[in-house]
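What follows is the content of target.txt, which has compact mmCIF, C-alpha atoms and all ligand atoms:
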# COMPACT_ATOMS: atom_id res chain seq x y z
CA MET A 1 -22.89 -25.68 -28.67
CA ASN A 2 -26.29 -27.22 -29.11
CA ILE A 3 -29.05 -25.72 -31.24
CA LYS A 4 -32.61 -27.00 -31.49
CA ILE A 5 -35.22 -25.46 -33.78
CA GLN A 6 -38.92 -26.29 -34.20
CA ASN A 7 -41.24 -24.42 -36.57
CA LEU A 8 -39.29 -21.19 -36.29
CA ILE A 9 -40.90 -18.29 -38.14
CA LYS A 10 -39.73 -14.72 -38.59
CA THR A 11 -41.44 -12.33 -40.98
CA TYR A 12 -40.82 -8.71 -41.84
CA GLY A 13 -44.23 -7.32 -42.77
CA ALA A 14 -45.61 -9.67 -45.41
CA GLU A 15 -42.20 -11.12 -46.19
CA SER A 16 -41.04 -14.38 -44.71
CA ALA A 17 -37.37 -14.12 -43.69
CA ILE A 18 -37.03 -17.41 -41.77
CA HIS A 19 -39.22 -20.50 -41.83
CA ILE A 20 -37.35 -23.51 -40.44
CA ASP A 21 -39.31 -26.66 -39.62
CA THR A 22 -36.76 -28.54 -37.62
CA LEU A 23 -33.04 -28.64 -36.86
CA HIS A 24 -31.14 -30.38 -34.13
CA LEU A 25 -27.39 -29.82 -33.79
CA GLU A 26 -25.29 -31.09 -30.93
CA GLY A 27 -21.67 -30.73 -29.95
CA ILE A 28 -20.77 -28.20 -32.66
CA HIS A 29 -17.78 -26.01 -31.94
CA THR A 30 -17.58 -23.70 -34.97
CA LEU A 31 -20.62 -23.24 -37.19
CA ALA A 32 -20.63 -21.46 -40.57
CA ILE A 33 -23.92 -20.10 -41.91
CA VAL A 34 -23.61 -19.80 -45.69
CA GLY A 35 -25.87 -19.21 -48.66
CA PRO A 36 -26.99 -16.56 -51.13
CA SER A 37 -27.62 -12.94 -50.26
CA GLY A 38 -31.08 -12.26 -48.89
CA GLY A 39 -31.50 -15.92 -47.95
CA GLY A 40 -31.93 -15.25 -44.21
CA LYS A 41 -28.44 -15.85 -42.76
CA SER A 42 -28.26 -12.58 -40.84
CA THR A 43 -31.81 -12.91 -39.62
CA LEU A 44 -31.09 -16.39 -38.28
CA LEU A 45 -27.98 -15.08 -36.50
CA LYS A 46 -30.00 -12.19 -35.05
CA LEU A 47 -32.62 -14.63 -33.77
CA LEU A 48 -29.88 -16.77 -32.20
CA GLY A 49 -28.51 -13.64 -30.53
CA THR A 50 -31.90 -12.26 -29.38
CA ILE A 51 -31.27 -9.12 -31.47
CA GLU A 52 -34.48 -9.96 -33.36
CA GLU A 53 -37.53 -11.70 -31.97
CA ALA A 54 -39.17 -14.63 -33.78
CA ASP A 55 -42.89 -14.54 -34.55
CA SER A 56 -43.39 -18.11 -33.35
CA GLY A 57 -41.80 -21.49 -32.85
CA SER A 58 -38.98 -22.69 -30.69
CA LEU A 59 -35.27 -21.93 -30.81
CA GLN A 60 -32.99 -23.35 -28.14
CA VAL A 61 -29.32 -22.54 -27.77
CA ASN A 62 -27.43 -24.64 -25.25
CA SER A 63 -30.82 -25.70 -23.85
CA ILE A 64 -32.00 -22.11 -23.31
CA GLU A 65 -35.27 -21.22 -25.07
CA ILE A 66 -34.72 -17.97 -26.97
CA VAL A 67 -38.21 -17.41 -28.37
CA GLY A 68 -40.09 -15.28 -25.86
CA ILE A 69 -37.09 -15.24 -23.52
CA LYS A 70 -38.11 -13.26 -20.43
CA ASP A 71 -34.71 -12.21 -19.17
CA PRO A 72 -32.16 -12.21 -21.98
CA LYS A 73 -29.53 -10.65 -19.69
CA ALA A 74 -28.21 -13.93 -18.32
CA TYR A 75 -28.09 -15.41 -21.84
CA LEU A 76 -26.35 -12.34 -23.22
CA HIS A 77 -23.61 -12.64 -20.60
CA GLU A 78 -22.64 -15.84 -22.39
CA VAL A 79 -22.80 -14.39 -25.90
CA GLY A 80 -20.52 -11.96 -27.77
CA PHE A 81 -21.15 -10.24 -31.11
CA VAL A 82 -18.95 -9.03 -33.92
CA PHE A 83 -20.57 -7.24 -36.84
CA GLN A 84 -19.45 -6.23 -40.33
CA HIS A 85 -18.19 -2.91 -38.95
CA ASP A 86 -16.27 -2.79 -35.70
CA ASN A 87 -18.70 -0.45 -33.83
CA LEU A 88 -15.90 0.64 -31.49
CA PHE A 89 -16.01 4.05 -29.78
CA PRO A 90 -13.83 6.20 -32.08
CA ASN A 91 -12.84 8.66 -29.35
CA LEU A 92 -11.49 5.97 -27.01
CA THR A 93 -8.27 3.98 -27.18
CA VAL A 94 -8.24 0.28 -27.94
CA LEU A 95 -7.66 -0.51 -24.28
CA GLN A 96 -10.50 1.77 -23.17
CA ASN A 97 -12.85 0.23 -25.75
CA VAL A 98 -12.13 -3.20 -24.33
CA THR A 99 -12.24 -2.28 -20.64
CA ILE A 100 -15.17 0.16 -20.52
CA HIS A 101 -17.78 -2.57 -20.35
CA LEU A 102 -15.78 -4.54 -17.77
CA ILE A 103 -15.43 -1.51 -15.51
CA TYR A 104 -18.91 0.07 -15.82
CA THR A 105 -21.12 -2.97 -16.37
CA TYR A 106 -19.17 -5.68 -14.61
CA HIS A 107 -17.73 -3.39 -11.90
CA MET A 108 -14.24 -4.78 -12.32
CA ARG A 109 -11.35 -2.77 -10.87
CA GLU A 110 -9.56 -0.78 -13.57
CA GLU A 111 -6.18 -2.52 -13.12
CA GLU A 112 -7.82 -5.93 -13.21
CA ALA A 113 -9.82 -5.01 -16.35
CA GLN A 114 -6.70 -3.71 -18.06
CA ALA A 115 -4.71 -6.84 -17.24
CA LEU A 116 -7.47 -9.02 -18.64
CA ALA A 117 -7.83 -6.82 -21.73
CA ARG A 118 -4.08 -6.91 -22.39
CA LYS A 119 -4.06 -10.69 -22.17
CA TRP A 120 -6.69 -10.88 -24.91
CA LEU A 121 -5.16 -8.12 -27.05
CA ASP A 122 -1.95 -10.12 -26.98
CA LYS A 123 -3.80 -13.26 -28.08
CA VAL A 124 -5.09 -11.51 -31.22
CA GLY A 125 -1.74 -9.81 -31.87
CA ILE A 126 -2.63 -6.15 -31.27
CA LEU A 127 -1.25 -5.52 -27.80
CA GLU A 128 1.24 -3.02 -29.22
CA HIS A 129 -1.72 -0.88 -30.40
CA GLN A 130 -3.48 -0.74 -27.03
CA ASP A 131 -3.03 3.02 -26.59
CA LYS A 132 -4.06 3.99 -30.12
CA LYS A 133 -7.40 5.60 -30.88
CA VAL A 134 -9.60 3.56 -33.19
CA HIS A 135 -9.04 5.90 -36.19
CA GLN A 136 -5.32 5.12 -35.99
CA LEU A 137 -5.94 1.41 -36.57
CA SER A 138 -6.24 -0.52 -39.82
CA GLY A 139 -9.65 -2.10 -40.46
CA GLY A 140 -8.20 -5.50 -39.59
CA GLN A 141 -6.76 -4.29 -36.29
CA ALA A 142 -10.07 -2.61 -35.41
CA GLN A 143 -11.96 -5.83 -36.16
CA ARG A 144 -9.54 -7.78 -33.96
CA ALA A 145 -10.17 -5.24 -31.18
CA ALA A 146 -13.91 -5.81 -31.69
CA ILE A 147 -13.35 -9.57 -31.30
CA VAL A 148 -11.51 -8.97 -28.02
CA ARG A 149 -14.26 -6.65 -26.77
CA ALA A 150 -16.83 -9.35 -27.53
CA LEU A 151 -14.90 -12.06 -25.69
CA VAL A 152 -13.33 -10.30 -22.74
CA THR A 153 -16.46 -10.49 -20.59
CA GLY A 154 -16.26 -14.27 -20.61
CA ALA A 155 -18.59 -15.04 -23.52
CA ASN A 156 -18.56 -18.70 -24.41
CA LEU A 157 -20.40 -18.25 -27.70
CA LEU A 158 -19.24 -15.68 -30.24
CA MET A 159 -21.54 -14.69 -33.11
CA LEU A 160 -19.97 -13.00 -36.11
CA ASP A 161 -21.92 -11.47 -38.99
CA GLU A 162 -19.66 -11.19 -42.05
CA PRO A 163 -16.79 -9.81 -39.97
CA THR A 164 -14.41 -9.51 -42.94
CA SER A 165 -16.68 -8.39 -45.77
CA ALA A 166 -15.87 -4.68 -45.32
CA LEU A 167 -12.10 -5.26 -45.34
CA ASP A 168 -9.45 -5.31 -48.07
CA PRO A 169 -8.29 -8.86 -48.87
CA GLU A 170 -5.06 -8.72 -46.86
CA LEU A 171 -6.77 -7.29 -43.80
CA ALA A 172 -9.60 -9.79 -44.16
CA TYR A 173 -6.98 -12.55 -44.22
CA GLU A 174 -5.49 -11.17 -40.99
CA VAL A 175 -8.86 -11.34 -39.25
CA MET A 176 -9.62 -14.81 -40.63
CA MET A 177 -6.28 -16.12 -39.35
CA THR A 178 -7.04 -14.56 -35.96
CA LEU A 179 -10.38 -16.37 -35.86
CA ILE A 180 -8.72 -19.66 -36.78
CA HIS A 181 -6.25 -19.16 -33.92
CA MET A 182 -9.10 -18.32 -31.55
CA LYS A 183 -11.02 -21.51 -32.25
CA GLU A 184 -10.01 -23.12 -28.99
CA GLU A 185 -11.13 -20.13 -26.91
CA THR A 186 -14.87 -20.22 -27.51
CA ASP A 187 -17.66 -21.66 -29.64
CA MET A 188 -18.41 -19.52 -32.67
CA ILE A 189 -21.19 -19.02 -35.21
CA ILE A 190 -20.19 -17.07 -38.29
CA VAL A 191 -22.11 -15.78 -41.29
CA THR A 192 -19.61 -15.68 -44.11
CA HIS A 193 -19.16 -15.72 -47.88
CA GLU A 194 -15.53 -16.75 -47.51
CA LEU A 195 -15.90 -20.45 -48.23
CA ASN A 196 -12.18 -21.23 -48.33
CA PHE A 197 -11.88 -19.72 -44.90
CA ALA A 198 -14.99 -21.55 -43.67
CA LYS A 199 -13.43 -24.81 -44.87
CA ARG A 200 -10.52 -24.30 -42.48
CA PHE A 201 -12.45 -22.63 -39.71
CA ALA A 202 -15.78 -24.35 -39.29
CA ASP A 203 -16.71 -27.86 -38.13
CA TYR A 204 -20.19 -27.67 -39.53
CA TYR A 205 -22.23 -25.68 -42.06
CA LEU A 206 -25.81 -24.57 -42.50
CA PHE A 207 -26.83 -23.60 -46.03
CA VAL A 208 -29.68 -21.11 -45.76
CA GLU A 209 -31.77 -20.13 -48.75
CA GLU A 210 -35.21 -18.51 -48.96
CA GLY A 211 -35.44 -18.63 -45.18
CA LYS A 212 -34.97 -22.38 -45.03
CA ILE A 213 -32.10 -24.72 -44.32
CA LEU A 214 -31.45 -26.34 -47.66
CA ALA A 215 -28.63 -28.54 -46.31
CA HIS A 216 -26.40 -28.94 -43.29
CA GLY A 217 -23.54 -31.20 -42.30
CA PRO A 218 -19.83 -31.39 -41.54
CA MET A 219 -18.10 -28.46 -43.27
CA GLU A 220 -16.09 -30.47 -45.79
CA GLU A 221 -19.30 -32.08 -47.05
CA LEU A 222 -20.58 -28.73 -48.35
CA PHE A 223 -18.08 -29.04 -51.18
CA LYS A 224 -19.30 -32.53 -52.08
CA ASN A 225 -22.99 -31.77 -51.80
CA GLU A 226 -24.79 -32.97 -54.90
CA ASN A 227 -27.67 -30.52 -54.74
CA GLU A 228 -27.42 -28.55 -57.98
CA ARG A 229 -28.26 -25.26 -56.33
CA ILE A 230 -25.55 -25.73 -53.70
CA GLN A 231 -22.95 -26.84 -56.24
CA ASP A 232 -23.73 -23.79 -58.34
CA PHE A 233 -23.35 -21.50 -55.31
CA VAL A 234 -20.06 -23.11 -54.23
CA ASN A 235 -18.65 -22.93 -57.76
CA LYS A 236 -19.53 -19.26 -58.12
CA ILE A 237 -18.19 -18.24 -54.72
CA THR A 238 -14.96 -20.18 -55.13
CA PHE A 239 -14.72 -18.92 -58.73
CA LYS A 240 -14.59 -22.35 -60.38
P1 LIG B 301 -28.82 -12.65 -45.70
O1 LIG B 301 -28.13 -12.38 -44.41
O2 LIG B 301 -28.79 -14.09 -46.10
O3 LIG B 301 -28.34 -11.75 -46.81
P2 LIG B 301 -31.11 -11.44 -44.41
O4 LIG B 301 -31.32 -12.25 -43.19
O5 LIG B 301 -30.40 -10.14 -44.25
O6 LIG B 301 -30.37 -12.33 -45.51
O7 LIG B 301 -32.49 -11.16 -45.10
C1 LIG B 301 -33.50 -12.14 -45.31
C2 LIG B 301 -34.74 -11.48 -45.89
O8 LIG B 301 -35.34 -10.64 -44.91
C3 LIG B 301 -34.46 -10.59 -47.09
O9 LIG B 301 -35.51 -10.71 -47.99
C4 LIG B 301 -34.39 -9.22 -46.49
O10 LIG B 301 -34.76 -8.23 -47.45
C5 LIG B 301 -35.40 -9.30 -45.37
N1 LIG B 301 -35.05 -8.42 -44.23
C6 LIG B 301 -33.97 -8.54 -43.44
N2 LIG B 301 -33.96 -7.60 -42.47
C7 LIG B 301 -35.07 -6.86 -42.66
C8 LIG B 301 -35.65 -5.72 -41.99
N3 LIG B 301 -35.07 -5.20 -40.91
N4 LIG B 301 -36.81 -5.24 -42.47
C9 LIG B 301 -37.41 -5.80 -43.56
N5 LIG B 301 -36.93 -6.85 -44.23
C10 LIG B 301 -35.78 -7.38 -43.80

Transcribe the structure of this file into structure tokens.
Amino acid sequence: MNIKIQNLIKTYGAESAIHIDTLHLEGIHTLAIVGPSGGGKSTLLKLLGTIEEADSGSLQVNSIEIVGIKDPKAYLHEVGFVFQHDNLFPNLTVLQNVTIHLIYTYHMREEEAQALARKWLDKVGILEHQDKKVHQLSGGQAQRAAIVRALVTGANLLMLDEPTSALDPELAYEVMMTLIHMKEETDMIIVTHELNFAKRFADYYLFVEEGKILAHGPMEELFKNENERIQDFVNKITFK
């Protein structure tokens, strides 16, 4: 993916949530957005996904200008989302949750949609649960179903906002391993506090604090960054 930012501003009332002067990233495959709570990570992800609208400035994703985008539909065909909670339809089965969008929005034939869905459910290791209702799944299985639902329409950029923070450690691990295995399938941007996971998962990091990008670079460099604030954050999160 490519991301280009110029003077990007997003405020909520009087409060500045994002104020990024300039950023130019090219050829990134997996991007981790990290930093302290309230720093603006989610807001930045929402701007990237057109869920929130910037006040001003320029934000380009894969050469598409997002600020003031007139027809986000075409862009959103390329983008999938996974949130902290799975947001699946509880009264539908896993297979129905994954196919509903394909059948009703993309007008795919039911058998074709199911075949495609099964292929993806197999990739994330939950094919055997395809006929279960969501409440019969573990949190980790539900989150893996949510990942499939986000990708099955052909998204080539997946955005994930703390997808494991509501899960028990073992289930979180399951989802993190799934994401690591899915790295070849699509570009991904993830907001996460799981730095050990990010180290294995992401090519590149953005450290966001007080609405600004305090540092960015190849993922492994986060752990060598000499900025005191960043070192302090990394030490706390990794419990050093
Ligand atoms: P992070 O994801 O790093 O925890 P957020 O992007 O959620 O940070 O928040 C950045 C700042 O914007 C915080 O001060 C937060 O309180 C504020 N904020 C986020 N969303 C809203 C909202 N919908 N309304 C008002 N303020 C918000």

Write out, as a tab-separated table, each residue of chain A that has an atom at most 6 Å from ligand LIG 301 (chain B), together with the closest pair of atoms and their distance in Å to one decimal, counting only C-alpha atoms and all ligand atoms, rows going by chain and rising number.
residue	atom	partner	partner_atom	distance
A:Tyr12	CA	B:LIG301	C9	4.8
A:Ala17	CA	B:LIG301	O8	4.2
A:Pro36	CA	B:LIG301	O2	5.9
A:Ser37	CA	B:LIG301	O3	3.7
A:Gly38	CA	B:LIG301	O6	3.5
A:Gly39	CA	B:LIG301	O2	3.8
A:Gly40	CA	B:LIG301	O4	3.2
A:Lys41	CA	B:LIG301	O2	3.8
A:Ser42	CA	B:LIG301	O1	3.6
A:Thr43	CA	B:LIG301	O4	3.7

Query raised in the report: Using all atoms listed in the file, which of A:Leu158, A:Val82, A:Leu171, A:Ala166 sits nearest Glu184 in chain A?
Result: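 Answer, going by the shortest atom-to-atom distance: A:Leu158.
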
Query raised in the report: Which residue out of A:Ala117, A:Ala146, A:Gly139, A:Asn91 has the minimum interatomic distance to Asp168 in chain A when all atoms listed in the file are used?
Result: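 Closest candidate: A:Gly139.
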
Requested in this report: Can you work out which one of A:Val98, A:Val191, A:Ala150, A:Leu127 has the shortest atom-to-atom distance to Val208 in chain A, counting only C-alpha atoms?
Outcome: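 When distances to Val208 in chain A are compared using only C-alpha atoms, the smallest one comes from A:Val191.
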
Query - Computed interatomic separation between CA of Ala198 in chain A and CA of Ile64 in chain A (Å) - result: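 Separation of CA of Ala198 in chain A and CA of Ile64 in chain A: 26.5 Å.
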
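The shell of residues at most 9 Å from range 51-56 of chain A, with all atoms listed in the file counted and near chain neighbours (fewer than 6 positions) removed, consists of Asn7, Leu8, Ile9, Lys10, Thr11, Ile18, Thr43, Leu44, Leu45, Ile66, Val67 and Gly68 of chain A.
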
Grab the residues selected above and save them as a short mmCIF file (atom, residue, chain, number, x, y, z; two decimals), in the frame of the given file with C-alpha atoms.
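Saved to part.cif:
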data_model
loop_
_atom_site.label_atom_id
_atom_site.label_comp_id
_atom_site.auth_asym_id
_atom_site.auth_seq_id
_atom_site.Cartn_x
_atom_site.Cartn_y
_atom_site.Cartn_z
CA ASN A 7 -41.24 -24.42 -36.57
CA LEU A 8 -39.29 -21.19 -36.29
CA ILE A 9 -40.90 -18.29 -38.14
CA LYS A 10 -39.73 -14.72 -38.59
CA THR A 11 -41.44 -12.33 -40.98
CA ILE A 18 -37.03 -17.41 -41.77
CA THR A 43 -31.81 -12.91 -39.62
CA LEU A 44 -31.09 -16.39 -38.28
CA LEU A 45 -27.98 -15.08 -36.50
CA ILE A 66 -34.72 -17.97 -26.97
CA VAL A 67 -38.21 -17.41 -28.37
CA GLY A 68 -40.09 -15.28 -25.86
#

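Of the listed residues A:Lys70, A:Lys199, A:Lys212, A:Lys183, the one whose atoms come nearest to His19 in chain A is A:Lys212, with distances taken using only C-alpha atoms.
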
Query raised in the report: Using all atoms listed in the file, which residue out of A:Asn2, A:Asn196, A:Gln130, A:Asn225 lies closest to Ala145 in chain A?
Result: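 With all atoms listed in the file as the atom set, the closest residue is A:Gln130.
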
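Minimum atom-to-atom distances from A:Ile33, A:Val79, A:Ile20, A:Leu95 to Ser58 in chain A were compared using all atoms listed in the file, and the lowest value belongs to A:Ile20.
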
Query raised in the report: Quick one: residues within 9 Å of His29 in chain A, all atoms listed in the file counted, chain neighbours fewer than 6 positions away excluded, as a list in words?
Result: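 In the requested form, the answer reads Met1, Lys183, Glu184, Thr186, Asp187, Met188, Ile189, Ala202, Asp203 and Tyr204 of chain A.
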
Query raised in the report: Which protein, DNA or RNA residues are at most 10 Å from (-14.1, -18.3, -49.7) in the file's coordinates when you count only C-alpha atoms, listed as a PyMOL selection string?
Result: chain A and resi 192-199+234+237-239
